[in-house]
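Note: the block below is target16.txt and it holds compact mmCIF, C-alpha atoms.
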```txt
# COMPACT_ATOMS: atom_id res chain seq x y z
CA MET A 1 209.05 46.41 -26.15
CA GLY A 2 209.24 43.28 -24.05
CA ARG A 3 206.64 44.62 -21.56
CA SER A 4 203.83 44.36 -24.11
CA ARG A 5 204.65 40.82 -25.24
CA ARG A 6 203.11 37.67 -23.85
CA LEU A 7 205.29 35.65 -21.47
CA SER A 8 205.40 32.65 -23.80
CA GLU A 9 206.29 34.95 -26.68
CA GLN A 10 209.21 36.38 -24.71
CA TRP A 11 210.59 32.88 -24.05
CA PHE A 12 210.13 31.95 -27.69
CA GLN A 13 212.03 35.10 -28.66
CA ARG A 14 214.91 34.20 -26.34
CA GLY A 15 215.00 30.66 -27.72
CA LEU A 16 215.07 31.98 -31.27
CA TRP A 17 217.97 34.28 -30.40
CA LEU A 18 219.81 31.24 -29.07
CA VAL A 19 219.12 29.55 -32.39
CA ALA A 20 220.53 32.60 -34.20
CA VAL A 21 223.70 32.57 -32.07
CA ALA A 22 224.16 28.80 -32.46
CA PHE A 23 223.66 29.08 -36.22
CA ALA A 24 226.23 31.90 -36.35
CA LEU A 25 228.76 29.91 -34.30
CA CYS A 26 228.45 26.90 -36.59
CA LEU A 27 228.91 29.09 -39.65
CA VAL A 28 231.88 30.84 -38.03
CA GLY A 29 233.57 27.52 -37.25
CA PHE A 30 233.03 26.25 -40.78
CA GLY A 31 234.15 29.54 -42.31
CA SER A 32 237.28 29.67 -40.13
CA LEU A 33 238.38 26.28 -41.45
CA VAL A 34 237.91 27.47 -45.02
CA ILE A 35 239.81 30.72 -44.39
CA GLN A 36 242.70 28.89 -42.69
CA ASP A 37 243.02 26.41 -45.54
CA LEU A 38 243.09 29.07 -48.26
CA PRO A 39 246.92 29.57 -48.12
CA GLN A 40 247.30 25.91 -49.08
CA VAL A 41 246.17 26.71 -52.61
CA GLU A 42 249.52 28.47 -53.06
CA ARG A 43 252.66 26.37 -53.67
CA HIS A 44 255.18 26.50 -50.84
CA LEU A 45 258.24 28.38 -52.04
CA SER A 46 261.81 28.36 -50.75
CA ARG A 47 265.08 30.09 -51.52
CA GLU A 48 266.21 27.22 -53.76
CA ASP A 49 263.34 27.99 -56.15
CA PHE A 50 264.92 31.36 -57.04
CA VAL A 51 268.67 30.58 -56.85
CA ASP A 52 270.50 30.37 -60.21
CA GLN A 53 271.39 26.67 -60.01
CA SER A 54 273.74 26.82 -62.99
CA ALA A 55 275.88 29.34 -61.10
CA ALA A 56 275.27 27.96 -57.61
CA GLU A 57 276.13 24.31 -58.19
CA PRO A 58 279.81 24.95 -59.15
CA LEU A 59 280.17 27.22 -56.13
CA GLN A 60 278.61 24.63 -53.84
CA SER A 61 280.97 21.98 -55.27
CA ALA A 62 283.94 24.31 -54.75
CA ILE A 63 282.88 24.93 -51.13
CA ALA A 64 282.52 21.19 -50.53
CA GLU A 65 285.96 20.50 -52.07
CA ALA A 66 287.52 23.30 -50.02
CA ARG A 67 286.03 21.91 -46.82
CA ASN A 68 287.29 18.42 -47.70
CA ALA A 69 290.72 19.90 -48.38
CA GLN A 70 290.63 21.68 -45.02
CA ALA A 71 289.72 18.44 -43.27
CA ALA A 72 292.52 16.55 -45.04
CA ALA A 73 295.00 19.34 -44.32
CA SER A 74 293.95 19.36 -40.67
CA GLU A 75 294.56 15.62 -40.35
CA SER A 76 297.90 15.87 -42.15
CA LEU A 77 298.82 18.87 -40.01
CA ASP A 78 298.20 16.87 -36.85
CA GLN A 79 300.49 14.11 -38.10
CA ALA A 80 303.13 16.62 -39.20
CA ASN A 81 303.04 18.37 -35.83
CA LEU A 82 303.55 15.05 -34.05
CA LYS A 83 306.49 14.23 -36.33
CA LEU A 84 307.93 17.71 -35.81
CA GLN A 85 307.71 17.32 -32.04
CA ALA A 86 309.42 13.92 -32.26
CA THR A 87 312.28 15.26 -34.42
CA GLN A 88 312.70 18.28 -32.18
CA THR A 89 312.91 16.03 -29.13
CA ALA A 90 315.38 13.68 -30.84
CA TYR A 91 317.55 16.54 -32.03
CA SER A 92 317.50 18.20 -28.60
CA ASN A 93 318.51 14.97 -26.88
CA ALA A 94 321.24 14.25 -29.43
CA ARG A 95 322.59 17.75 -29.12
CA ASP A 96 322.78 17.47 -25.33
CA THR A 97 324.55 14.11 -25.64
CA PHE A 98 326.98 15.51 -28.18
CA ALA A 99 327.70 18.50 -25.95
CA ASN A 100 328.50 16.22 -23.03
CA TRP A 101 330.71 14.01 -25.18
CA LEU A 102 332.46 17.08 -26.59
CA ASP A 103 333.24 18.33 -23.09
CA THR A 104 334.72 14.91 -22.27
CA ARG A 105 336.87 14.91 -25.41
CA LYS A 106 338.20 18.37 -24.61
CA ALA A 107 339.19 17.09 -21.21
CA THR A 108 340.96 14.00 -22.57
CA ASN A 109 342.12 15.50 -25.89
CA LEU A 110 342.63 12.06 -27.46
CA PRO A 111 343.35 12.14 -31.24
CA SER A 112 341.78 8.69 -31.59
CA GLN A 113 338.35 10.22 -31.04
CA ASP A 114 338.41 12.44 -34.16
CA ASN A 115 336.60 9.87 -36.28
CA GLU A 116 333.90 9.54 -33.62
CA LEU A 117 333.57 13.33 -33.53
CA ILE A 118 332.97 13.38 -37.24
CA ALA A 119 330.39 10.59 -36.98
CA ARG A 120 328.53 12.23 -34.10
CA THR A 121 328.51 15.56 -35.92
CA ALA A 122 327.14 13.90 -39.03
CA ALA A 123 324.39 12.15 -37.03
CA LEU A 124 323.47 15.42 -35.35
CA ASP A 125 323.28 17.13 -38.73
CA ALA A 126 321.00 14.36 -39.99
CA LEU A 127 318.63 14.88 -37.06
CA LYS A 128 318.67 18.61 -37.71
CA LYS A 129 317.77 17.90 -41.35
CA GLU A 130 314.84 15.71 -40.25
CA GLN A 131 313.62 18.49 -37.97
CA GLU A 132 313.77 20.99 -40.82
CA ASP A 133 311.92 18.59 -43.14
CA ALA A 134 309.20 18.09 -40.51
CA GLN A 135 308.88 21.87 -40.12
CA HIS A 136 308.55 22.23 -43.89
CA ALA A 137 305.80 19.59 -43.85
CA VAL A 138 303.93 21.50 -41.13
CA ASP A 139 304.27 24.76 -43.07
CA ALA A 140 303.01 23.05 -46.22
CA GLN A 141 299.88 21.73 -44.47
CA ASN A 142 299.25 25.17 -42.95
CA GLN A 143 299.50 26.65 -46.42
CA ASN A 144 297.11 24.02 -47.82
CA SER A 145 294.62 24.75 -45.05
CA LEU A 146 294.90 28.50 -45.66
CA ASP A 147 294.41 28.06 -49.41
CA ALA A 148 291.34 25.91 -48.77
CA GLN A 149 289.89 28.48 -46.35
CA GLN A 150 290.43 31.31 -48.81
CA GLY A 151 288.88 29.27 -51.61
CA GLU A 152 285.87 28.45 -49.45
CA SER A 153 285.48 32.10 -48.41
CA ALA A 154 285.56 33.30 -52.02
CA ALA A 155 283.05 30.67 -53.18
CA GLN A 156 280.83 31.32 -50.14
CA ALA A 157 280.85 35.07 -50.83
CA GLN A 158 279.63 34.46 -54.40
CA LEU A 159 277.05 31.96 -53.20
CA ASP A 160 275.83 34.43 -50.54
CA GLU A 161 275.35 37.03 -53.25
CA LEU A 162 273.26 34.58 -55.29
CA GLU A 163 271.21 33.65 -52.22
CA SER A 164 270.70 37.33 -51.36
CA VAL A 165 269.21 37.93 -54.81
CA ALA A 166 267.09 34.78 -54.37
CA ASP A 167 265.88 36.02 -50.96
CA GLN A 168 264.75 39.29 -52.52
CA LYS A 169 262.85 37.41 -55.23
CA LEU A 170 261.37 35.08 -52.60
CA GLU A 171 260.20 38.01 -50.49
CA ALA A 172 258.62 39.64 -53.54
CA GLU A 173 256.87 36.38 -54.40
CA TYR A 174 255.66 36.04 -50.81
CA SER A 175 254.16 39.53 -51.07
CA LYS A 176 252.39 38.58 -54.29
CA ALA A 177 251.16 35.34 -52.74
CA GLU A 178 249.91 37.28 -49.71
CA VAL A 179 247.93 39.57 -52.00
CA ARG A 180 246.53 36.59 -53.90
CA VAL A 181 245.49 34.81 -50.69
CA PHE A 182 243.90 38.05 -49.48
CA GLY A 183 242.06 38.21 -52.80
CA TYR A 184 240.78 34.68 -52.24
CA ARG A 185 239.58 35.65 -48.77
CA LEU A 186 237.99 38.82 -50.09
CA ALA A 187 236.28 36.88 -52.88
CA LEU A 188 234.69 34.69 -50.19
CA THR A 189 233.91 37.26 -47.52
CA LEU A 190 232.70 40.22 -49.61
CA PRO A 191 229.74 38.32 -51.14
CA LEU A 192 228.86 37.13 -47.63
CA LEU A 193 228.83 40.73 -46.45
CA LEU A 194 226.65 41.81 -49.39
CA ILE A 195 224.24 38.94 -48.77
CA ALA A 196 224.14 39.86 -45.07
CA PHE A 197 223.34 43.47 -46.00
CA TRP A 198 220.54 42.32 -48.30
CA LEU A 199 219.15 40.01 -45.60
CA PHE A 200 219.26 42.86 -43.07
CA ARG A 201 217.36 45.12 -45.42
CA THR A 202 214.72 42.61 -46.49
CA GLN A 203 214.53 39.58 -44.20
CA ARG A 204 215.39 40.64 -40.66
CA LYS A 205 211.68 40.74 -39.68
CA SER A 206 210.58 37.68 -41.63
CA SER A 207 209.51 34.37 -40.14
CA TRP A 208 213.03 33.04 -40.58
CA TRP A 209 214.76 35.94 -38.82
CA PRO A 210 216.92 33.76 -36.45
CA PHE A 211 218.78 32.34 -39.46
CA THR A 212 218.96 35.78 -41.01
CA TRP A 213 220.59 37.29 -37.92
CA GLY A 214 222.82 34.25 -37.49
CA PHE A 215 224.11 34.72 -41.04
CA ILE A 216 224.58 38.46 -40.43
CA PHE A 217 226.67 37.76 -37.30
CA PHE A 218 228.69 35.21 -39.26
CA ALA A 219 229.34 37.62 -42.15
CA LEU A 220 230.42 40.42 -39.81
CA PHE A 221 232.75 38.10 -37.88
CA THR A 222 234.22 36.72 -41.10
CA PHE A 223 234.88 40.19 -42.50
CA PHE A 224 236.24 41.95 -39.43
CA VAL A 225 238.01 39.02 -37.72
CA GLU A 226 238.91 36.56 -40.47
CA LEU A 227 239.70 39.08 -43.22
CA VAL A 228 240.86 42.41 -41.77
CA PRO A 229 243.85 40.99 -39.79
CA TYR A 230 245.19 39.50 -43.05
CA LEU A 231 245.26 42.78 -44.92
CA PRO A 232 248.65 43.18 -46.68
CA SER A 233 250.82 45.67 -44.82
CA TYR A 234 253.10 47.50 -47.27
CA GLY A 235 254.20 49.76 -44.46
CA GLY A 236 250.64 50.31 -43.27
CA TYR A 237 249.47 52.08 -46.44
CA VAL A 238 247.03 49.33 -47.40
CA ARG A 239 245.59 49.00 -43.90
CA TYR A 240 245.11 52.72 -43.40
CA GLY A 241 243.88 53.11 -46.99
CA VAL A 242 241.24 50.42 -46.47
CA GLY A 243 240.38 51.99 -43.12
CA LEU A 244 239.87 55.36 -44.79
CA ILE A 245 237.66 53.83 -47.50
CA LEU A 246 235.56 51.96 -44.95
CA THR A 247 235.31 55.06 -42.78
CA VAL A 248 234.16 57.21 -45.72
CA VAL A 249 231.65 54.59 -46.92
CA VAL A 250 230.22 53.94 -43.46
CA GLY A 251 230.24 57.64 -42.55
CA ARG A 252 228.47 58.58 -45.75
CA SER A 253 225.87 55.85 -45.19
CA VAL A 254 225.26 57.09 -41.65
CA ILE A 255 224.94 60.71 -42.81
CA VAL A 256 222.53 59.75 -45.60
CA ALA A 257 220.51 57.59 -43.20
CA LEU A 258 220.39 60.43 -40.67
CA ASN A 259 219.19 62.92 -43.27
CA ARG A 260 216.53 60.49 -44.47
CA TYR A 261 215.44 59.85 -40.91
CA LEU A 262 215.17 63.58 -40.18
CA ALA A 263 213.22 64.07 -43.42
CA ARG A 264 210.82 61.24 -42.53
CA GLN A 265 210.35 62.64 -39.05
CA ALA A 266 209.68 66.10 -40.40
CA ALA A 267 207.18 64.71 -42.89
CA ALA A 268 205.54 62.54 -40.24
CA GLU A 269 205.10 65.48 -37.88
CA GLN A 270 203.05 67.23 -40.57
CA GLN A 271 200.54 64.36 -40.70
CA PRO A 272 197.32 64.21 -38.65
CA ASP A 273 197.63 62.94 -35.09
CA VAL A 274 195.50 59.81 -35.56
CA LEU A 275 197.28 58.80 -38.76
CA ARG A 276 200.66 59.12 -37.10
CA ARG A 277 199.61 56.87 -34.23
CA ASN A 278 198.10 54.29 -36.60
CA GLU A 279 201.39 54.02 -38.49
CA MET A 280 203.49 53.49 -35.34
CA ASN A 281 204.60 50.12 -34.08
CA TYR A 282 202.65 49.26 -30.95
CA ASP A 283 205.51 47.66 -29.02
CA MET A 284 207.93 50.44 -29.95
CA ALA A 285 205.44 53.10 -28.83
CA LEU A 286 205.03 51.44 -25.41
CA LEU A 287 208.77 51.02 -25.03
CA ARG A 288 209.42 54.71 -25.70
CA LEU A 289 206.66 55.78 -23.34
CA SER A 290 208.14 53.60 -20.60
CA LYS A 291 211.38 55.54 -21.04
CA SER A 292 209.59 58.94 -20.96
CA VAL A 293 210.31 59.49 -24.64
CA CYS A 294 207.79 60.68 -27.21
CA PRO A 295 206.95 57.83 -29.62
CA GLY A 296 206.62 60.32 -32.45
CA CYS A 297 209.69 62.55 -32.32
CA GLU A 298 211.76 60.52 -29.79
CA ARG A 299 212.43 63.58 -27.64
CA PRO A 300 212.24 63.36 -23.84
CA VAL A 301 208.87 64.15 -22.25
CA ASN A 302 208.08 64.44 -18.53
CA LEU A 303 205.27 61.92 -17.99
CA SER A 304 205.58 61.61 -14.22
CA GLY A 305 203.25 64.51 -13.32
CA GLY A 306 200.19 63.20 -15.17
CA GLU A 307 199.57 66.61 -16.73
CA VAL A 308 201.08 66.04 -20.16
CA THR A 309 198.56 65.00 -22.82
CA PHE A 310 200.33 66.02 -26.01
CA CYS A 311 204.01 66.03 -26.89
CA PRO A 312 205.29 69.62 -26.49
CA HIS A 313 207.78 69.02 -29.33
CA CYS A 314 205.78 67.45 -32.17
CA GLY A 315 202.16 67.73 -30.91
CA ILE A 316 201.24 64.06 -31.11
CA GLY A 317 198.63 62.90 -28.60
CA LEU A 318 200.08 60.80 -25.81
CA PHE A 319 197.04 60.37 -23.55
CA GLU A 320 193.28 60.56 -24.00
CA SER A 321 190.08 59.91 -22.05
CA CYS A 322 188.15 56.68 -22.37
CA ARG A 323 184.94 57.28 -24.31
CA ASN A 324 183.05 55.05 -21.88
CA CYS A 325 184.35 55.76 -18.36
CA ASP A 326 186.34 58.92 -19.05
CA THR A 327 189.47 57.37 -17.47
CA ARG A 328 192.82 58.85 -18.57
CA LYS A 329 194.66 56.26 -20.63
CA SER A 330 197.47 56.00 -23.15
CA ALA A 331 196.44 57.11 -26.61
CA PHE A 332 198.36 54.12 -28.01
CA SER A 333 196.46 51.49 -25.97
CA PRO A 334 193.73 49.73 -27.97
CA PHE A 335 191.66 49.12 -24.79
CA CYS A 336 190.89 51.06 -21.63
CA GLN A 337 192.69 49.72 -18.59
CA ALA A 338 189.74 50.59 -16.35
CA CYS A 339 186.70 49.25 -18.25
CA GLY A 340 188.21 47.40 -21.25
CA THR A 341 186.33 49.49 -23.78
CA PRO A 342 188.07 49.54 -27.20
CA SER A 343 189.38 52.84 -28.39
CA ALA A 344 187.26 54.70 -30.89
CA ALA A 345 189.98 54.37 -33.51
CA PRO A 346 192.76 51.94 -32.45
CA SER A 347 195.80 54.01 -32.99
CA ALA A 348 198.70 51.64 -32.63
CA ALA A 349 197.49 48.08 -33.06
CA PRO A 350 200.08 45.37 -32.80
CA SER A 351 202.03 45.25 -36.03
CA PRO A 352 202.25 41.93 -37.91
CA ASP A 353 206.02 42.45 -37.99
CA THR A 354 206.17 41.95 -34.23
CA LEU A 355 204.51 38.53 -34.42
CA VAL A 356 206.71 35.45 -34.73
CA PRO A 357 205.08 32.78 -36.94
CA ALA A 358 205.79 29.18 -36.14
CA ILE A 359 208.91 27.83 -37.86
```
What is this file in structure tokens?
Amino acid sequence: MGRSRRLSEQWFQRGLWLVAVAFALCLVGFGSLVIQDLPQVERHLSREDFVDQSAAEPLQSAIAEARNAQAAASESLDQANLKLQATQTAYSNARDTFANWLDTRKATNLPSQDNELIARTAALDALKKEQEDAQHAVDAQNQNSLDAQQGESAAQAQLDELESVADQKLEAEYSKAEVRVFGYRLALTLPLLLIAFWLFRTQRKSSWWPFTWGFIFFALFTFFVELVPYLPSYGGYVRYGVGLILTVVVGRSVIVALNRYLARQAAAEQQPDVLRRNEMNYDMALLRLSKSVCPGCERPVNLSGGEVTFCPHCGIGLFESCRNCDTRKSAFSPFCQACGTPSAAPSAAPSPDTLVPAI
């Protein structure tokens, strides 16, 4: 197609394609910002929004009190352990001293020391009593700490159950929010896709085609890149279900388009040779001939030998003789390449659709 266009026209076409791409990129950037900001329309939820506060607050207070009791018991336990160690040391030292004194008394066996024996025994018993009291204090603090730990564990178990129920509700709400956000995205992208389809059908060859194609690129990118990755999962059922629907819709469209194309080709091949050439696009005819393809039926034709004049598949004329100089020329060329004489009936004049009006 490009071989039959003027050089300036080719550069204009390239520039217009750059305009289409730049227009699409700008739309894509703007659309991406809108798509990314859509989740902000939903309120941010947390576990606390679904926890039964009337049941959770007493449990949280009980946990806090139990932890405070554990901290107090730990401090008291440290003090009690220090006191226990001191009484144990004092009792051990006093017992050793008493044992040494008792050995001395046995050696001397003086009756005058009986009162001292009684006093020393009493003092040793008092130290033993202090040691026992300190041990009881340590045991009491251990018991307080254990009670606090058990109370905290029981309250934490009930609170964990409440939070587990809240997590399930939060996950369900997240799934609903995901579906809603996907609905917002679909509400934005689906109309764009429909508009792009309408533009492709009606405006792709108009004077404003760069903006048409730019919008089409933008709509396709928005649908397949900005929307499809955010499809809700649900174990893959939604994704594969949507994939099946799209596959069926696209496949059916392709099959219908193919059948219509084959029907048009069959009907066109029944028309007169000149009429068929007149209805063909000039640039497209030259492009297919340059690829050794019949412009009428699009089947391959060997044009290298210079002996083929008509397509062996559909019968359309591919070459003819100039009516002035009898030179062999393409039947689709409006002028003879040897003498410049116009064809008797220009068969494939440049189509207005191939021209690009000034924008």
Item to check | atom CA of A:Ile316 to atom CA of A:Val256, distance in Å rounded to a single decimal | outcome: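 Pair atom CA of A:Ile316 / atom CA of A:Val256 returns 26.1 Å.
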Item to check | Nearest to A:Asn81 by atom-to-atom distance, counting all atoms listed in the file, from A:Val225, A:Leu246, A:Ala22, A:Val138 | outcome: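 For A:Asn81, the nearest of the given residues is A:Val138.
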Next on the checklist: Can you tell me which residues surround A:Thr87 at a distance of at most 12 Å, considering only C-alpha atoms, apart from same-chain residues fewer than 4 positions away, and format the answer as a VMD selection string?
Outcome noted: chain A and resid 80 to 83 91 to 95 124 to 135
Skipping near chain neighbours, those fewer than 6 positions away, what residues fall within 8 Å of A:Leu59 using only C-alpha atoms, listed as a JSON list (two decimals) with C-alpha atoms, in the coordinates of the input?
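Once everything was written out, this is selection_0.json:
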```json
[["chain", "number", "residue", "atom", "x", "y", "z"],
["A", 155, "ALA", "CA", 283.05, 30.67, -53.18],
["A", 156, "GLN", "CA", 280.83, 31.32, -50.14],
["A", 158, "GLN", "CA", 279.63, 34.46, -54.40],
["A", 159, "LEU", "CA", 277.05, 31.96, -53.20]]
```
Item to check | Among the residues A:Thr327, A:Leu84, A:Gly315, A:Phe221, the one that comes closest to A:Arg277 [using all atoms listed in the file] | outcome: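 Once distances to A:Arg277 are computed over all atoms listed in the file, the minimum belongs to A:Gly315.
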